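Okay, target_23.cif now, which holds mmCIF, C-alpha atoms:
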data_query
loop_
_atom_site.label_atom_id
_atom_site.label_comp_id
_atom_site.auth_asym_id
_atom_site.auth_seq_id
_atom_site.Cartn_x
_atom_site.Cartn_y
_atom_site.Cartn_z
CA MET A 1 129.84 57.34 57.14
CA SER A 2 126.20 56.99 56.23
CA VAL A 3 123.45 56.58 58.82
CA SER A 4 120.25 54.74 58.07
CA ALA A 5 116.85 56.05 59.14
CA SER A 6 116.47 53.14 61.57
CA GLN A 7 119.57 54.30 63.45
CA ILE A 8 118.26 57.82 64.00
CA LYS A 9 116.86 58.35 67.48
CA VAL A 10 114.76 61.43 68.16
CA GLN A 11 114.42 62.72 71.73
CA ASP A 12 112.75 65.82 73.16
CA ILE A 13 114.26 68.64 75.18
CA ASP A 14 111.69 71.43 74.72
CA HIS A 15 112.12 74.20 77.31
CA LEU A 16 113.94 71.84 79.69
CA GLY A 17 117.24 72.65 77.99
CA ILE A 18 116.96 76.24 79.21
CA VAL A 19 116.12 75.08 82.75
CA ALA A 20 119.05 72.63 82.76
CA GLY A 21 121.37 75.36 81.52
CA ILE A 22 120.44 77.71 84.38
CA ILE A 23 120.88 74.87 86.89
CA ASP A 24 124.35 74.16 85.50
CA GLU A 25 125.29 77.84 85.53
CA MET A 26 124.45 78.20 89.22
CA GLY A 27 126.38 75.01 90.05
CA LEU A 28 123.42 73.36 91.79
CA VAL A 29 124.51 69.75 91.17
CA GLU A 30 127.99 70.34 92.57
CA GLN A 31 126.63 72.14 95.64
CA ILE A 32 124.14 69.38 96.45
CA ASN A 33 126.80 66.72 96.02
CA GLN A 34 129.11 68.62 98.35
CA LEU A 35 126.38 68.96 100.99
CA LEU A 36 124.95 65.43 100.76
CA GLY A 37 128.05 63.53 99.69
CA THR A 38 128.67 61.08 96.85
CA HIS A 39 129.57 57.38 96.53
CA PRO A 40 131.84 55.79 93.87
CA GLN A 41 129.23 53.16 93.04
CA GLU A 42 126.47 55.70 92.36
CA ILE A 43 125.34 55.82 88.75
CA ILE A 44 123.50 59.07 89.38
CA SER A 45 124.49 61.45 92.16
CA ALA A 46 122.18 63.21 94.63
CA GLY A 47 122.76 66.51 92.81
CA GLN A 48 121.71 64.99 89.50
CA VAL A 49 118.58 63.54 91.13
CA ILE A 50 117.66 66.99 92.45
CA LYS A 51 118.23 68.44 88.99
CA ALA A 52 115.94 65.74 87.55
CA MET A 53 113.24 66.62 90.12
CA ILE A 54 113.40 70.28 89.10
CA LEU A 55 113.08 69.34 85.43
CA ASN A 56 110.13 67.14 86.31
CA GLY A 57 108.45 69.89 88.34
CA LEU A 58 108.91 72.40 85.52
CA GLY A 59 107.85 69.90 82.86
CA PHE A 60 104.26 71.14 83.24
CA VAL A 61 102.77 67.67 82.84
CA SER A 62 100.89 65.54 85.32
CA ALA A 63 103.81 63.26 86.15
CA PRO A 64 104.27 63.10 89.94
CA LEU A 65 107.04 61.26 91.71
CA TYR A 66 105.64 57.76 91.39
CA LEU A 67 105.59 58.30 87.58
CA PHE A 68 109.02 59.93 87.66
CA GLU A 69 110.77 57.31 85.54
CA LYS A 70 108.03 57.47 82.89
CA PHE A 71 108.46 61.24 82.58
CA PHE A 72 112.02 60.87 81.26
CA GLU A 73 111.18 58.22 78.67
CA GLY A 74 111.58 59.84 75.25
CA ILE A 75 113.50 62.79 76.72
CA ALA A 76 117.22 63.35 76.04
CA THR A 77 118.15 62.33 79.57
CA GLU A 78 121.89 62.03 78.96
CA HIS A 79 122.00 65.50 77.40
CA LEU A 80 120.11 67.04 80.32
CA LEU A 81 121.54 65.10 83.28
CA GLY A 82 124.84 63.51 82.29
CA LYS A 83 126.49 60.81 80.22
CA GLY A 84 125.25 57.29 80.86
CA ILE A 85 122.11 58.33 82.79
CA GLN A 86 118.95 56.62 81.60
CA ALA A 87 115.31 56.91 82.63
CA GLU A 88 115.45 53.61 84.56
CA HIS A 89 118.15 55.06 86.86
CA LEU A 90 115.58 57.58 88.14
CA ASN A 91 113.52 55.00 90.02
CA ASP A 92 111.56 55.65 93.20
CA ASP A 93 114.16 53.90 95.40
CA ARG A 94 116.86 56.35 94.32
CA LEU A 95 114.55 59.32 94.71
CA GLY A 96 113.48 58.18 98.17
CA ARG A 97 117.06 57.86 99.41
CA VAL A 98 117.93 61.35 98.15
CA LEU A 99 114.81 62.82 99.76
CA ASP A 100 115.82 61.22 103.06
CA LYS A 101 119.30 62.76 102.75
CA LEU A 102 117.77 66.18 102.09
CA TYR A 103 115.62 65.91 105.18
CA ASP A 104 118.51 64.79 107.38
CA ALA A 105 120.71 67.65 106.18
CA GLY A 106 117.93 70.23 106.71
CA LEU A 107 115.87 71.55 103.81
CA THR A 108 115.91 75.19 104.91
CA GLU A 109 119.68 75.20 105.43
CA ILE A 110 120.31 73.64 102.01
CA PHE A 111 117.91 76.05 100.33
CA ILE A 112 119.68 79.05 101.85
CA ARG A 113 123.13 77.76 100.81
CA VAL A 114 121.99 77.23 97.22
CA ALA A 115 120.16 80.57 97.11
CA LEU A 116 123.19 82.44 98.49
CA SER A 117 125.37 80.93 95.77
CA ALA A 118 122.83 81.85 93.07
CA VAL A 119 122.69 85.44 94.34
CA GLY A 120 126.45 85.73 93.92
CA ARG A 121 126.57 84.08 90.50
CA PHE A 122 123.71 86.10 88.98
CA GLY A 123 124.32 89.40 90.78
CA VAL A 124 120.92 89.54 92.47
CA LYS A 125 120.48 92.63 94.67
CA ILE A 126 119.34 91.83 98.19
CA ASP A 127 118.73 95.36 99.46
CA SER A 128 115.15 94.42 100.34
CA LEU A 129 113.54 91.08 101.18
CA HIS A 130 109.85 90.19 101.31
CA LEU A 131 108.45 87.60 103.72
CA ASP A 132 105.04 85.93 103.54
CA SER A 133 103.42 82.57 104.21
CA SER A 134 100.69 80.43 102.71
CA SER A 135 98.91 77.17 103.47
CA PHE A 136 98.91 74.03 101.34
CA HIS A 137 95.98 71.71 101.94
CA VAL A 138 96.24 67.93 101.69
CA HIS A 139 93.71 65.15 101.15
CA GLY A 140 93.64 62.05 103.31
CA ASN A 141 93.53 61.22 106.98
CA TYR A 142 97.08 62.04 108.13
CA GLY A 143 96.32 60.72 111.60
CA SER A 144 98.74 61.35 114.46
CA ASP A 145 100.08 58.53 116.61
CA GLY A 146 99.44 60.71 119.65
CA ASN A 147 103.10 61.21 120.49
CA ASP A 148 103.24 64.96 119.81
CA GLU A 149 106.28 65.53 122.03
CA ALA A 150 108.31 62.93 120.16
CA GLU A 151 107.29 64.49 116.82
CA ALA A 152 108.32 67.94 118.03
CA GLU A 153 111.73 66.68 119.18
CA SER A 154 112.35 64.92 115.88
CA GLY A 155 111.55 68.07 113.93
CA LEU A 156 108.54 66.58 112.15
CA ILE A 157 105.86 69.05 111.14
CA THR A 158 102.25 68.50 112.15
CA ILE A 159 99.77 68.26 109.29
CA THR A 160 96.59 69.52 110.89
CA TYR A 161 93.72 71.98 110.64
CA GLY A 162 94.41 75.71 110.69
CA TYR A 163 93.58 79.01 109.02
CA SER A 164 93.28 78.10 105.33
CA ARG A 165 94.42 80.59 102.69
CA ASP A 166 92.98 78.13 100.16
CA HIS A 167 89.50 78.47 101.71
CA ARG A 168 89.46 74.76 102.53
CA PRO A 169 89.07 74.66 106.33
CA ASP A 170 87.70 71.14 105.98
CA LEU A 171 91.13 69.81 104.98
CA LYS A 172 94.34 69.44 106.94
CA GLN A 173 97.31 71.50 105.83
CA PHE A 174 100.90 72.59 106.33
CA ILE A 175 102.40 76.09 106.16
CA LEU A 176 105.11 77.31 103.80
CA ASP A 177 107.15 80.42 104.66
CA LEU A 178 108.82 82.11 101.69
CA MET A 179 111.19 85.08 101.47
CA CYS A 180 111.97 86.67 98.10
CA SER A 181 114.38 89.37 96.95
CA GLY A 182 113.01 92.73 95.89
CA ASP A 183 115.20 92.38 92.80
CA GLY A 184 113.69 89.79 90.47
CA ASP A 185 111.48 88.08 93.10
CA ILE A 186 114.16 85.41 93.64
CA PRO A 187 113.26 83.00 96.49
CA LEU A 188 116.02 83.12 99.10
CA TYR A 189 114.43 81.37 102.08
CA LEU A 190 111.95 78.52 102.33
CA ARG A 191 110.59 76.80 105.43
CA VAL A 192 107.84 74.22 105.96
CA ALA A 193 105.88 74.45 109.24
CA ASP A 194 102.94 73.03 111.18
CA GLY A 195 99.50 73.51 109.67
CA ASN A 196 98.26 75.53 112.64
CA GLU A 197 101.29 77.78 113.05
CA VAL A 198 100.45 81.47 113.51
CA ASP A 199 102.42 83.92 111.37
CA SER A 200 102.59 86.62 114.02
CA ALA A 201 104.25 84.20 116.43
CA MET A 202 107.07 83.31 114.04
CA PHE A 203 107.78 86.11 111.56
CA GLY A 204 110.07 88.10 113.87
CA THR A 205 112.08 84.99 114.74
CA LEU A 206 112.37 83.93 111.09
CA ILE A 207 113.69 87.33 110.01
CA ALA A 208 116.18 87.49 112.89
CA ASP A 209 117.45 83.95 112.16
CA PHE A 210 117.67 84.66 108.44
CA GLN A 211 119.72 87.79 109.01
CA LYS A 212 122.17 85.85 111.20
CA GLN A 213 122.68 83.23 108.48
CA TRP A 214 123.05 85.68 105.62
CA GLN A 215 124.82 88.50 107.52
CA ILE A 216 123.29 91.20 105.31
CA ASP A 217 121.88 94.64 106.04
CA ALA A 218 118.64 94.32 104.10
CA LEU A 219 115.26 95.97 104.50
CA PHE A 220 112.75 93.30 105.58
CA VAL A 221 109.19 93.73 104.33
CA ALA A 222 106.17 91.79 105.58
CA ASP A 223 102.43 92.07 106.02
CA ALA A 224 100.55 92.89 109.21
CA ALA A 225 101.43 89.50 110.76
CA LEU A 226 104.91 90.88 111.49
CA TYR A 227 103.59 93.86 113.45
CA THR A 228 103.45 92.70 117.08
CA GLU A 229 105.26 94.05 120.14
CA GLU A 230 107.26 90.83 120.50
CA ASN A 231 108.39 90.84 116.86
CA LEU A 232 109.37 94.51 116.92
CA GLN A 233 111.52 93.89 119.98
CA GLN A 234 113.24 90.97 118.23
CA MET A 235 114.10 93.21 115.28
CA LEU A 236 115.57 96.19 117.11
CA SER A 237 118.82 95.90 115.16
CA LEU A 238 117.13 95.29 111.80
CA ARG A 239 115.44 97.58 109.29
CA TRP A 240 111.86 96.71 108.44
CA VAL A 241 108.63 97.82 106.75
CA SER A 242 105.28 96.36 107.77
CA ARG A 243 101.62 97.04 107.46
CA THR A 244 100.03 98.10 110.74
CA PRO A 245 96.97 96.02 111.75
CA ALA A 246 93.82 98.14 111.51
CA THR A 247 92.60 96.45 114.71
CA LEU A 248 95.14 98.31 116.86
CA THR A 249 93.50 101.03 118.97
CA ALA A 250 96.05 103.65 117.88
CA ALA A 251 95.54 102.69 114.22
CA LYS A 252 91.75 102.93 114.52
CA GLU A 253 91.95 106.36 116.13
CA LEU A 254 94.38 107.62 113.50
CA LEU A 255 92.29 106.35 110.57
CA GLU A 256 89.14 107.91 112.05
CA ASN A 257 90.58 111.26 113.09
CA ILE A 258 93.25 112.13 110.56
CA SER A 259 92.50 115.30 108.63
CA ILE A 260 92.09 115.14 104.89
CA ASP A 261 94.49 118.10 104.70
CA ALA A 262 97.28 115.89 106.06
CA PHE A 263 97.46 113.91 102.81
CA VAL A 264 99.82 114.86 100.01
CA PRO A 265 99.74 113.35 96.49
CA SER A 266 102.28 110.62 95.85
CA THR A 267 104.41 110.38 92.75
CA ILE A 268 103.00 106.85 92.51
CA PRO A 269 99.75 107.34 90.57
CA GLY A 270 96.54 106.77 92.52
CA TYR A 271 98.03 107.20 96.02
CA ARG A 272 98.16 109.89 98.69
CA ILE A 273 100.31 109.75 101.84
CA ALA A 274 100.05 111.33 105.30
CA PRO A 275 103.20 110.76 107.43
CA CYS A 276 103.30 110.81 111.23
CA CYS A 277 105.32 109.32 114.13
CA ASN A 278 104.56 106.55 116.60
CA ASP A 279 106.30 104.52 119.31
CA TYR A 280 104.18 101.37 119.43
CA GLY A 281 105.85 98.54 121.34
CA GLY A 282 108.46 100.95 122.66
CA VAL A 283 110.03 101.28 119.20
CA ARG A 284 110.35 104.70 117.59
CA GLN A 285 108.97 104.49 114.07
CA ARG A 286 107.33 106.28 111.17
CA TRP A 287 103.70 105.64 110.31
CA LEU A 288 102.36 106.45 106.87
CA VAL A 289 98.62 106.63 106.33
CA VAL A 290 98.22 105.65 102.69
CA GLU A 291 95.09 106.26 100.64
CA SER A 292 94.66 104.22 97.47
CA GLU A 293 92.09 105.48 94.98
CA ALA A 294 91.58 102.04 93.43
CA ARG A 295 91.17 100.43 96.81
CA LYS A 296 88.84 103.22 97.92
CA GLN A 297 86.44 102.50 95.08
CA SER A 298 86.55 98.80 95.91
CA ASP A 299 86.02 99.44 99.64
CA LEU A 300 83.03 101.71 98.96
CA LYS A 301 81.39 99.01 96.83
CA GLN A 302 81.98 96.48 99.59
CA LEU A 303 80.57 98.94 102.12
CA GLN A 304 77.32 99.21 100.17
CA LYS A 305 76.99 95.43 100.13
CA ARG A 306 77.68 95.27 103.88
CA LEU A 307 75.11 97.99 104.59
CA ALA A 308 72.43 96.15 102.62
CA LYS A 309 73.22 92.88 104.38
CA LYS A 310 73.32 94.47 107.83
CA TYR A 311 70.01 96.25 107.17
CA THR A 312 68.29 92.98 106.24
CA GLN A 313 69.66 91.31 109.37
CA ALA A 314 68.63 94.25 111.59
CA GLN A 315 65.09 94.27 110.16
CA SER A 316 64.70 90.57 110.88
CA GLN A 317 66.00 90.95 114.44
CA LEU A 318 63.77 93.99 115.07
CA ARG A 319 60.67 92.10 113.98
CA LYS A 320 61.43 89.39 116.52
CA LEU A 321 62.09 91.99 119.22
CA CYS A 322 58.82 93.77 118.49
CA GLN A 323 56.94 90.51 119.06
CA GLN A 324 58.37 90.12 122.56
CA LYS A 325 56.24 91.14 125.54
CA PHE A 326 57.81 92.76 128.61
CA ALA A 327 56.53 93.10 132.17
CA CYS A 328 57.20 96.86 132.28
CA ALA A 329 58.02 99.73 129.95
CA LYS A 330 61.48 100.10 131.47
CA ASP A 331 62.41 96.53 130.48
CA ALA A 332 61.13 97.09 126.95
CA LEU A 333 63.23 100.25 126.54
CA LYS A 334 66.27 98.53 128.00
CA ALA A 335 65.96 95.68 125.47
CA ALA A 336 65.56 98.19 122.64
CA LYS A 337 68.69 100.14 123.67
CA LEU A 338 70.70 96.93 124.00
CA PHE A 339 69.63 95.88 120.52
CA GLU A 340 70.49 99.31 119.11
CA SER A 341 73.96 99.25 120.69
CA GLN A 342 74.76 96.08 118.74
CA LEU A 343 74.02 97.68 115.36
CA PRO A 344 77.27 98.94 113.73
CA PHE A 345 75.69 101.01 110.93
CA HIS A 346 72.05 101.51 111.92
CA GLN A 347 69.95 102.93 114.75
CA LEU A 348 66.35 102.97 115.93
CA ALA A 349 63.97 105.78 115.03
CA ASN A 350 60.40 106.56 116.18
CA LEU A 351 60.88 104.29 119.17
CA GLU A 352 57.70 103.78 121.18
CA VAL A 353 56.57 101.49 123.97
CA ILE A 354 53.03 100.17 123.45
CA GLU A 355 51.00 99.13 126.49
CA HIS A 356 48.65 96.18 126.20
CA ALA A 357 45.94 95.22 128.71
CA GLN A 358 44.86 91.61 128.75
CA HIS A 359 42.20 89.94 130.90
CA GLN A 360 43.42 86.90 132.80
CA GLY A 361 41.34 83.77 133.02
CA ARG A 362 38.33 82.50 131.06
CA GLY A 363 34.88 83.98 130.53
CA ARG A 364 33.66 87.50 131.05
CA PRO A 365 35.87 89.49 133.43
CA ARG A 366 34.46 90.73 136.71
CA LYS A 367 33.84 94.44 137.08
CA ASP A 368 36.41 94.75 139.84
CA SER A 369 39.13 92.60 138.14
CA GLN A 370 42.44 94.21 137.09
CA PRO A 371 43.75 93.41 133.58
CA ALA A 372 47.32 92.19 133.17
CA LEU A 373 49.58 94.72 131.47
CA SER A 374 52.36 93.91 128.98
CA TYR A 375 54.61 96.14 126.91
CA GLN A 376 56.00 95.89 123.40
CA ILE A 377 58.28 98.16 121.45
CA GLN A 378 57.67 99.69 118.07
CA ALA A 379 60.47 101.26 116.01
CA GLU A 380 62.09 101.70 112.61
CA ILE A 381 65.62 101.00 111.37
CA ILE A 382 67.54 103.93 109.87
CA LEU A 383 71.15 104.51 108.89
CA LYS A 384 73.65 105.73 111.48
CA GLU A 385 75.12 108.53 109.42
CA THR A 386 78.06 109.24 111.73
CA ALA A 387 79.34 105.66 111.60
CA ILE A 388 78.87 105.46 107.83
CA THR A 389 80.69 108.77 107.29
CA ILE A 390 83.66 107.40 109.25
CA GLU A 391 83.68 104.23 107.16
CA ARG A 392 83.53 106.21 103.93
CA GLU A 393 86.42 108.41 105.01
CA ARG A 394 88.47 105.34 106.00
CA ALA A 395 87.80 103.61 102.68
CA GLY A 396 90.95 102.90 100.74
CA ARG A 397 93.23 103.79 103.65
CA PHE A 398 95.82 101.65 105.40
CA ILE A 399 98.86 102.31 107.58
CA LEU A 400 102.45 101.35 106.82
CA ALA A 401 105.16 101.43 109.49
CA THR A 402 108.95 101.43 109.37
CA ASN A 403 111.72 101.90 111.93
CA VAL A 404 113.87 103.68 109.33
CA LEU A 405 113.40 107.24 110.62
CA ASP A 406 115.64 109.04 108.12
CA VAL A 407 113.56 109.96 105.05
CA ASN A 408 116.79 110.49 103.12
CA GLU A 409 117.60 106.82 103.67
CA LEU A 410 114.08 105.58 102.96
CA SER A 411 111.56 108.11 101.69
CA ASP A 412 107.80 107.85 102.12
CA GLU A 413 107.55 106.93 98.44
CA ASP A 414 110.12 104.15 98.88
CA VAL A 415 108.21 102.71 101.84
CA LEU A 416 105.08 102.47 99.69
CA ARG A 417 107.01 101.00 96.75
CA GLU A 418 108.60 98.34 98.93
CA TYR A 419 105.26 97.34 100.40
CA LYS A 420 103.63 97.17 96.96
CA ALA A 421 106.48 94.83 95.94
CA GLN A 422 105.26 92.43 98.65
CA GLN A 423 103.26 90.74 95.92
CA SER A 424 106.52 89.09 94.82
CA THR A 425 106.06 86.33 97.40
CA GLU A 426 102.37 86.09 96.55
CA ARG A 427 103.30 85.44 92.93
CA GLY A 428 105.65 82.71 94.15
CA PHE A 429 102.81 81.02 96.03
CA ARG A 430 100.49 81.31 93.02
CA PHE A 431 103.14 79.54 90.95
CA LEU A 432 103.60 76.76 93.48
CA LYS A 433 99.82 76.26 93.66
CA ASP A 434 99.32 76.34 89.91
CA PRO A 435 97.91 72.97 88.73
CA LEU A 436 100.54 72.92 85.96
CA PHE A 437 103.27 72.92 88.58
CA PHE A 438 102.66 69.65 90.36
CA THR A 439 103.52 70.72 93.93
CA ASN A 440 99.87 71.85 93.93
CA SER A 441 99.01 68.20 94.71
CA VAL A 442 100.76 66.90 97.81
CA PHE A 443 100.80 63.18 98.41
CA LEU A 444 102.94 60.29 99.55
#

So, in terms of C-alpha cells, how does the structure I just supplied come out?
Amino acid sequence: MSVSASQIKVQDIDHLGIVAGIIDEMGLVEQINQLLGTHPQEIISAGQVIKAMILNGLGFVSAPLYLFEKFFEGIATEHLLGKGIQAEHLNDDRLGRVLDKLYDAGLTEIFIRVALSAVGRFGVKIDSLHLDSSSFHVHGNYGSDGNDEAEAESGLITITYGYSRDHRPDLKQFILDLMCSGDGDIPLYLRVADGNEVDSAMFGTLIADFQKQWQIDALFVADAALYTEENLQQMLSLRWVSRTPATLTAAKELLENISIDAFVPSTIPGYRIAPCCNDYGGVRQRWLVVESEARKQSDLKQLQKRLAKKYTQAQSQLRKLCQQKFACAKDALKAAKLFESQLPFHQLANLEVIEHAQHQGRGRPRKDSQPALSYQIQAEIILKETAITIERERAGRFILATNVLDVNELSDEDVLREYKAQQSTERGFRFLKDPLFFTNSVFL
C-alpha cells in the first residue's frame, strides 16, 4: 500500500520520549489513578493529566498552564500519553479538576506514596536522607481575607513576607521543604508551607513524621536549622547529622579555644577534623570541628573586607565623638570607653582628654570672671590584634554534630561526607528555580 506525501504526518517527541518512558516504568499513571480514582466517561484520566504536566514542566519552553493545550500541538500526544488523547483534551478545565483532586487527597501524602514506589522499582538506597528548605517568591497582591483561623483549619498556606532565600524581601513568598536520598539525589518528600515559617521550628517534626510514614532506619542530614533543643528531643530514636550553629555559646568557646594540635588530616582532600564530645540539649553526641582549606581562604578574604569596612565606620564615628563637648573629663572618658567597647575589631590608642576654657557672655571678660570649662577626647583607631587573631584561627572552621556515637557505625570521615552531600537538596532547588523549568514563575 502506497502512502502519499500529503498523508504523512510528522510530530515531535524530542527528549520527552525518555521522560515518558521513565514515568511508565515507575507506574506513575496507575498509582495516581488508584489514589484519585477514575470515571468511565473520562477521555483522559487523572494519572495521564499528571504525566502530561510533567512532560510540560520538563519541556523547557515557556508554556505555563494556561498555554497547556498549545504546548501539545505538534507533539505526538497519543504516543506519549495514550491512544485517542489529543491536545484539545488537555484543556484548563480538566487540569483544574485534577489539581483540585490532588489538593483534596494531600500533595505530600501522594508524593511520598509515588516516591516510595519509585525507590522500590529503581533500587534507590535510602540509607541517608537530606532535608532542606527554600523560599519561592511570588508577584502580585495575594491579600488575605482576614480570616487566618479559618485558613489554618482548612490547611491553606499563607503567602506572606518572610526570610527570602531569593534575596527578594519585598515580595511575598511560600516555603518548600524537600528531602532527597543520599543515593542519586532522588526527592522523597515534598511539602509546601507558609511564607514566614521558621525552619528550626519544623525540621524535627518533619523528620519524625517522615520516619513514621516510611518506617526506615535512615540517617537524617540537615543544616543548622535542625539543631535546637526541641528538635533533638523529638529525634531521640532517630539517627541524625547536623551542623551546629556557630552562635551557640559552647560552639563559640570551642572554635576559639580548640588547639591546632587537635586537628588530624582527613582522607577527604582539603579538610582536617578534630573530634570531641558534647551533651547539648541533654543528648549525648559527637562534635567534629572541621577545617576546610578552601573555605578558610574565602573566609580570610571576607575578613579583610569586613576589617576595611569596620575601620571606615569606626573612623567616621570617632570623628563625631571627638567633636562632642562634655561637662567633665570623667564623662568624656566614659563616652570613649563605651564607644571602644562597641568596636569588634578595633580599639582606641593615644586617648587623651583635652580641656577647653571658654568665656561666657559678650564683650571683654571681667578680671574676676571664671571661664566655662568643656572637655573633648582625642584618639586614634588601631586594630585589636587579639580579636583578629581569633577570627583568623576560626576561619574555615565549622562544627558538625551527630548522635551516632559509634565511630565504627559512622566514622568522622562519613559524617563529613554525608554533610557535604547536603548539596543534593540545594541542587534540587536550583533546578526548580531555573527559568527553563517553569515552576520558577508561580501564578494563578

**Asked** Do you have the atom CA of Ser200 of chain A-atom CA of Ala274 of chain A distance handy?
**Response**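 Computing it gives 26.3 Å between the two atoms.
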
**Interatomic distance (Å, one decimal) between atom CA of Gly27 of chain A and atom CA of Tyr103 of chain A** =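 A separation of 20.7 Å between them.
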
**Item:** Long-range neighbours of segment 90-95 of chain A as a list in words, 10 Å cut-off, all atoms listed in the file, 2 positions minimum in chain
**Value:**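 My reading of the contact set: Glu42, Ile43, Ile44, Ser45, Ala46, Gln48, Val49, Ile50, Ala52, Met53, Leu65, Tyr66, Leu67, Phe68, Glu69, Lys70, Phe71, Phe72, Ile85, Gln86, Ala87, Glu88, Arg97, Val98, Leu99, Asp100 and Lys101 of chain A.
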
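Protein and nucleic acid residues near (67.4, 101.8, 111.1) are Lys310, Tyr311, Ala314, Gln315, Leu318, Glu340, Leu343, Phe345, His346, Gln347, Leu348, Ala349, Asn350, Ala379, Glu380, Ile381, Ile382, Leu383 and Lys384 of chain A, the criterion being any atom at most 10 Å away using only C-alpha atoms.
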
**Message:** Which residues, named as in the file, does the PyMOL selection byres ((chain A and resi 113-121) around 12) pick out? Answer as number ranges by chain.
**Reply:** A: 22-35, 47, 105-112, 122-127, 179-181, 183-190, 210, 213-216

**Message:** Which residues are close to Arg394 of chain A, i.e. within 12 Å by only C-alpha atoms, leaving aside same-chain residues fewer than 6 positions away? Reply as an MDAnalysis selection string.
**Reply:** chainID A and resid 246 251:260 289:293 295:297 299:300 303 387:388

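Put simply, atom CA of Ser164 of chain A is 8.0 Å away from atom CA of Phe136 of chain A.
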
**Message:** Restricting the calculation to all atoms listed in the file: of A:Ala76, A:Ala250, A:Ala329, A:Leu351, which residue gets closest to Cys277 of chain A?
**Reply:**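 Using all atoms listed in the file, Cys277 of chain A sits closest to A:Ala250.
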
**Message:** Taking only C-alpha atoms into account, name the residue in A:Ser374, A:Thr228, A:Gln422, A:Ser266 that is nearest to Leu248 of chain A.
**Reply:**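 Checking each candidate against Leu248 of chain A, we get A:Thr228 as the closest.
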